[in-house]
Amino acid sequence: MKNKEISRIFEELSNIKGIEKTSTSNFESRAYKRAALTIGTLQQDISDIYNQGGIKALMELPGIGKGLAEKIEEYIKTGHIKEYDEIKKRYPIDFTSLLSIEGIGPKKAIELYEKLNVKGIQTLKDALKKHKLKGLPGFGEKSENEIAKGIVIAESNKGRILLSEGLPEAEKIISILKSSNLVKEAVIAGSTRRMRETIGDLDILALSDNNEKVMDLFSTMPDVTEIVVKGPTKTTVALNIGTTCDLRVINPDSFGAALQYFTGSRDHNIKIRTIAVGKGYKLNEYGLFDKSGKLISKLEEKDIYEKLGMCYIPPEMRENRGEIELAEKYQIPKLVELSDIRGDLHTHTKETDGINTIEEMADYAIKKGYEYIATTNHTKSLKVAHGMSDKQFEEYFSKVDELNDKLKGKITILKGAEVDILKDGTLDLSDKTLESMDCVVAAVHSSTNMPEEQMTSRIIKAINSNYINILAHPTGRLINEREPYPVNLSKVAEACAYMHTILEINASPQRLDLNDTNIILTSKFPVLYSIDTDAHSTLQMDFMRYGVGTARRGWLEKAKVANSLSLSELRKVLKKQ
Ligand code: DGT
Ligand code: CA
Ligand code: CA
């Protein structure tokens, strides 16, 4: 997809326009910024949109006017944007890297280039070593240190880490802090609390009477590779998982406000703060202040939302996607919770590319308190995963029948497969085998580079076979590795609604597919969702919480989640007419 590249170019143009002082540069800067955001978050390939509907279709995207649409067209047709190339000749700077350093904005980046020929991080490091920055107007000794620290952060922050890497680390830090008896409270904030699929840095808030000792402990934890900043109220360390962590020790009177502030998102906070101002309050990380400027103390986070005339908003929803408007109407849905989940409907065993036996998988599911688990191995076309043939499924299922007899009263194993949806939309097993199953999961694994229209019909054809209970990882993306294949999810969801096919929210942290925005998109249709781990080992069944987090980010209620149903209710849903 060209989206990322075009978005990056527009972002750079926005930055450069932002510091030029022509009569139109401010306006242009803002326009480029909006366009960069739109394109950067677009689910569909921008080239496809253009190829299907031309300039007109581009202009229907939020924030894209005629001029910008023409620039996109120019890039798609020629691989270049003339205006950008010309600006790049003037400023041959790696803006993306330099601007990722705290303390360097577009203006400073250009100044560094013009005065010291700094083009990227390496030349910046060289300049720092020779203390060349000190002499520049606007740069002192302090900013040299700041920038040096900024480089450490930027380099350890290269690429966002997965939620499954960040959340366990944050939990580990919380437990180190709590078991020290130095803190009265320690909680996770930031994107980790919001269960974003990737994490820029970890944010932790604590209450303590002994800031100094807490910061000493925090900065000497085993995972710390470098102390970036150490102060009495805020310390930042670099961690060996490739990210940094901020610890803030908060004044008890401010804790609720600080938690609200540092949970974010930034866009959510900006809107909340505006509402506070409209009601005569002032809201910041230190507290909610009344008309006379007095701190309303001891407010918990939920009290702040209440004071502002709205109901509590779960952290996963705080992205300014309409949740504040819902909260003001007291219409925030009761989101699905991990404890609502009664089983896992997509798991693998040793028979294919899993690492545990079905006995071990079932045992683990029992330990998790599940009522049911579906065993869904790959099918024969997926050779890399040692997919099973019809005959192998038959043999495997007689083993599962025996095990079910043995486990009666403890758990039910549903017989299934993760059947391959072949290139032509047919399924990779015989009708007879498919009919013998309780729970047919189906997915695309090969020939993914087909146009959107073809992929959409391929998947819909499979759904219309009337054999598929669950459509697994519907877009096939792998976070930081593989883009989603192009598919019209509205059309797919419509077909699912008609055929009573469940859409999967794959909880595997590299997949999280459907993602939050696609859940919101497909929720317009009367479909059910199944939050499945796709576990290839017992322990991977613990990925469920990432799927539930993603479902909550997609505003999903329990009633829409198939695997929150009891076994008898679920069986009715799985039964195909
Ligand atoms: P990340 O780290 O990129 O995954 O995302 P966050 O959301 O954890 O962002 P981070 O760590 O920069 O800041 C934590 C929270 O602090 C953020 O979600 C909202 C709040 N915050 C930070 N900077 C600002 C700001 O300039 N304005 C407002 N309103 N809030 C901010
Ligand atoms: Ca963060
Ligand atoms: Ca942070």
# chains A, B, ... in the order shown; residues from 1 in each chain; ligands from 1

$ residues_near_ligand --ligand "ligand 1" --cutoff "10 Å" --atoms "only C-alpha atoms and all ligand atoms" --output "ChimeraX atom specification"
/A:157,160-163,166,188-204,243-246,258-273,283-285,318-319

$ select_by_dssp --residues "region 395-561 of chain A" --states "strand (DSSP E)" --output "list in words"
Thr412, Ile413, Leu414, Lys415, Gly416, Ala417, Glu418, Val419, Asp420, Cys439, Val440, Val441, Ala442, Ala443, Ile470, Leu471, Ile502, Leu503, Glu504, Ile505, Asn506, Tyr529, Ser530, Ile531 and Asp532 of chain A

$ select_by_dssp --residues "region 107-271 of chain A" --states "helix (DSSP H, G or I)" --output "PyMOL selection string"
chain A and resi 107-116+121-129+133-135+141-156+163-179+190-193+211-219+252-263+266-271

$ residues_around --residues "region 109-119 of chain A" --least-positions-apart "5" --cutoff "12 Å" --atoms "only C-alpha atoms" --output "count of residues only"
40

$ closest_residue --among "A:Glu371, A:Ile72, A:Leu434, A:Pro62" --to "Lys391 (chain A)" --atoms "only C-alpha atoms"
A:Leu434

$ residues_around --residues "Ala497 (chain A)" --least-positions-apart "3" --cutoff "6 Å" --atoms "only C-alpha atoms" --output "ChimeraX atom specification"
/A:494,500,526-527

$ closest_residue --among "A:Lys71, A:Arg248, A:Arg30, A:Lys410" --to "ligand 3" --atoms "only C-alpha atoms and all ligand atoms"
A:Arg248

$ residues_around --residues "region 378-390 of chain A" --least-positions-apart "5" --cutoff "7 Å" --atoms "only C-alpha atoms" --output "PyMOL selection string"
chain A and resi 352-353+417-420+428-430+433

$ write_last_selection --atoms "C-alpha atoms" --output "PDB file, in the first residue's frame"
ATOM      1  CA  THR A 352      -0.960 -29.864  12.844  1.00  0.00           C
ATOM      2  CA  ASP A 353       1.190 -26.891  13.846  1.00  0.00           C
ATOM      3  CA  ALA A 417     -11.399 -27.201  11.674  1.00  0.00           C
ATOM      4  CA  GLU A 418      -9.829 -23.998  10.492  1.00  0.00           C
ATOM      5  CA  VAL A 419     -10.696 -24.815   6.938  1.00  0.00           C
ATOM      6  CA  ASP A 420      -8.838 -23.039   4.183  1.00  0.00           C
ATOM      7  CA  ASP A 428     -10.601 -27.352   1.556  1.00  0.00           C
ATOM      8  CA  LEU A 429     -12.615 -30.319   2.928  1.00  0.00           C
ATOM      9  CA  SER A 430     -15.421 -32.542   1.668  1.00  0.00           C
ATOM     10  CA  THR A 433     -16.351 -33.924   6.741  1.00  0.00           C
TER      11      THR A 433
END

$ closest_residue --among "A:Cys439, A:Ile373, A:Ala462, A:Met450" --to "Ile421 (chain A)" --atoms "only C-alpha atoms"
A:Ala462

$ residues_around --residues "Ile250 (chain A)" --least-positions-apart "4" --cutoff "8 Å" --atoms "only C-alpha atoms" --output "ChimeraX atom specification"
/A:205-208,233,254-255,258

$ atom_distance --atom1 "CA of Ala535 (chain A)" --atom2 "CA of Lys408 (chain A)"
22.8 Å

$ residues_around --residues "region 341-347 of chain A" --least-positions-apart "6" --cutoff "8 Å" --atoms "only C-alpha atoms" --output "PDB file with N, CA and C atoms, in the first residue's frame"
ATOM      1  N   ALA A 365      -8.100 -25.506  29.319  1.00  0.00           N
ATOM      2  CA  ALA A 365      -9.385 -24.795  29.202  1.00  0.00           C
ATOM      3  C   ALA A 365     -10.224 -25.011  30.464  1.00  0.00           C
ATOM      4  N   GLY A 369     -11.652 -22.320  33.485  1.00  0.00           N
ATOM      5  CA  GLY A 369     -13.062 -22.241  33.844  1.00  0.00           C
ATOM      6  C   GLY A 369     -14.004 -22.237  32.652  1.00  0.00           C
ATOM      7  N   TYR A 370     -13.498 -22.687  31.497  1.00  0.00           N
ATOM      8  CA  TYR A 370     -14.334 -22.679  30.294  1.00  0.00           C
ATOM      9  C   TYR A 370     -15.340 -23.827  30.302  1.00  0.00           C
ATOM     10  N   GLU A 371     -16.457 -23.608  29.601  1.00  0.00           N
ATOM     11  CA  GLU A 371     -17.475 -24.656  29.418  1.00  0.00           C
ATOM     12  C   GLU A 371     -17.195 -25.466  28.163  1.00  0.00           C
ATOM     13  N   TYR A 372     -16.551 -24.830  27.212  1.00  0.00           N
ATOM     14  CA  TYR A 372     -16.310 -25.498  25.923  1.00  0.00           C
ATOM     15  C   TYR A 372     -15.055 -24.962  25.259  1.00  0.00           C
ATOM     16  N   ILE A 373     -14.535 -25.786  24.347  1.00  0.00           N
ATOM     17  CA  ILE A 373     -13.398 -25.378  23.527  1.00  0.00           C
ATOM     18  C   ILE A 373     -13.586 -26.051  22.171  1.00  0.00           C
ATOM     19  N   ALA A 374     -13.357 -25.298  21.095  1.00  0.00           N
ATOM     20  CA  ALA A 374     -13.426 -25.926  19.778  1.00  0.00           C
ATOM     21  C   ALA A 374     -12.014 -26.278  19.338  1.00  0.00           C
ATOM     22  N   THR A 375     -11.841 -27.476  18.822  1.00  0.00           N
ATOM     23  CA  THR A 375     -10.527 -27.864  18.305  1.00  0.00           C
ATOM     24  C   THR A 375     -10.573 -27.700  16.795  1.00  0.00           C
ATOM     25  N   THR A 376      -9.752 -26.800  16.273  1.00  0.00           N
ATOM     26  CA  THR A 376      -9.905 -26.381  14.874  1.00  0.00           C
ATOM     27  C   THR A 376      -8.560 -26.404  14.155  1.00  0.00           C
ATOM     28  N   ASN A 377      -8.135 -27.595  13.776  1.00  0.00           N
ATOM     29  CA  ASN A 377      -6.837 -27.701  13.098  1.00  0.00           C
ATOM     30  C   ASN A 377      -6.916 -27.281  11.634  1.00  0.00           C
ATOM     31  N   GLU A 418     -10.022 -25.312  11.090  1.00  0.00           N
ATOM     32  CA  GLU A 418      -9.829 -23.998  10.492  1.00  0.00           C
ATOM     33  C   GLU A 418      -9.635 -24.276   9.012  1.00  0.00           C
ATOM     34  N   CYS A 439     -18.303 -27.024  14.775  1.00  0.00           N
ATOM     35  CA  CYS A 439     -17.898 -25.616  14.678  1.00  0.00           C
ATOM     36  C   CYS A 439     -16.859 -25.462  13.571  1.00  0.00           C
ATOM     37  N   VAL A 441     -14.560 -23.257  11.500  1.00  0.00           N
ATOM     38  CA  VAL A 441     -13.892 -21.964  11.381  1.00  0.00           C
ATOM     39  C   VAL A 441     -13.271 -21.953   9.985  1.00  0.00           C
ATOM     40  N   SER A 530     -16.992 -13.688  17.603  1.00  0.00           N
ATOM     41  CA  SER A 530     -16.408 -14.671  18.485  1.00  0.00           C
ATOM     42  C   SER A 530     -14.980 -14.224  18.779  1.00  0.00           C
ATOM     43  N   ILE A 531     -14.656 -14.120  20.062  1.00  0.00           N
ATOM     44  CA  ILE A 531     -13.308 -13.681  20.439  1.00  0.00           C
ATOM     45  C   ILE A 531     -12.495 -14.953  20.689  1.00  0.00           C
ATOM     46  N   ASP A 532     -11.589 -15.265  19.776  1.00  0.00           N
ATOM     47  CA  ASP A 532     -10.863 -16.538  19.816  1.00  0.00           C
ATOM     48  C   ASP A 532      -9.364 -16.291  19.866  1.00  0.00           C
ATOM     49  N   THR A 533      -8.654 -17.216  20.515  1.00  0.00           N
ATOM     50  CA  THR A 533      -7.207 -16.968  20.635  1.00  0.00           C
ATOM     51  C   THR A 533      -6.392 -17.550  19.496  1.00  0.00           C
ATOM     52  N   ASP A 534      -6.950 -18.520  18.741  1.00  0.00           N
ATOM     53  CA  ASP A 534      -6.133 -19.139  17.694  1.00  0.00           C
ATOM     54  C   ASP A 534      -4.911 -19.791  18.340  1.00  0.00           C
ATOM     55  N   ALA A 535      -5.097 -20.287  19.578  1.00  0.00           N
ATOM     56  CA  ALA A 535      -3.957 -20.779  20.371  1.00  0.00           C
ATOM     57  C   ALA A 535      -3.286 -21.955  19.681  1.00  0.00           C
ATOM     58  N   HIS A 536      -1.975 -21.884  19.574  1.00  0.00           N
ATOM     59  CA  HIS A 536      -1.184 -23.001  19.090  1.00  0.00           C
ATOM     60  C   HIS A 536      -0.470 -23.682  20.248  1.00  0.00           C
ATOM     61  N   MET A 541      -3.812 -19.662  25.056  1.00  0.00           N
ATOM     62  CA  MET A 541      -5.219 -19.412  25.389  1.00  0.00           C
ATOM     63  C   MET A 541      -5.358 -18.175  26.276  1.00  0.00           C
ATOM     64  N   ASN A 563     -19.152 -16.425  22.060  1.00  0.00           N
ATOM     65  CA  ASN A 563     -18.573 -17.275  23.094  1.00  0.00           C
ATOM     66  C   ASN A 563     -18.732 -16.727  24.510  1.00  0.00           C
ATOM     67  N   SER A 564     -19.750 -15.859  24.677  1.00  0.00           N
ATOM     68  CA  SER A 564     -20.206 -15.552  26.030  1.00  0.00           C
ATOM     69  C   SER A 564     -21.485 -16.335  26.313  1.00  0.00           C
ATOM     70  N   LEU A 565     -21.950 -17.088  25.317  1.00  0.00           N
ATOM     71  CA  LEU A 565     -23.182 -17.865  25.472  1.00  0.00           C
ATOM     72  C   LEU A 565     -22.895 -19.175  26.206  1.00  0.00           C
ATOM     73  N   SER A 566     -23.930 -19.721  26.829  1.00  0.00           N
ATOM     74  CA  SER A 566     -23.793 -21.055  27.415  1.00  0.00           C
ATOM     75  C   SER A 566     -23.695 -22.051  26.262  1.00  0.00           C
TER      76      SER A 566
END

$ closest_residue --among "A:Lys334, A:Ala57, A:Glu557, A:Leu167" --to "ligand 2" --atoms "only C-alpha atoms and all ligand atoms"
A:Leu167

$ atom_distance --atom1 "CA of Arg545 (chain A)" --atom2 "CA of Leu407 (chain A)"
25.7 Å
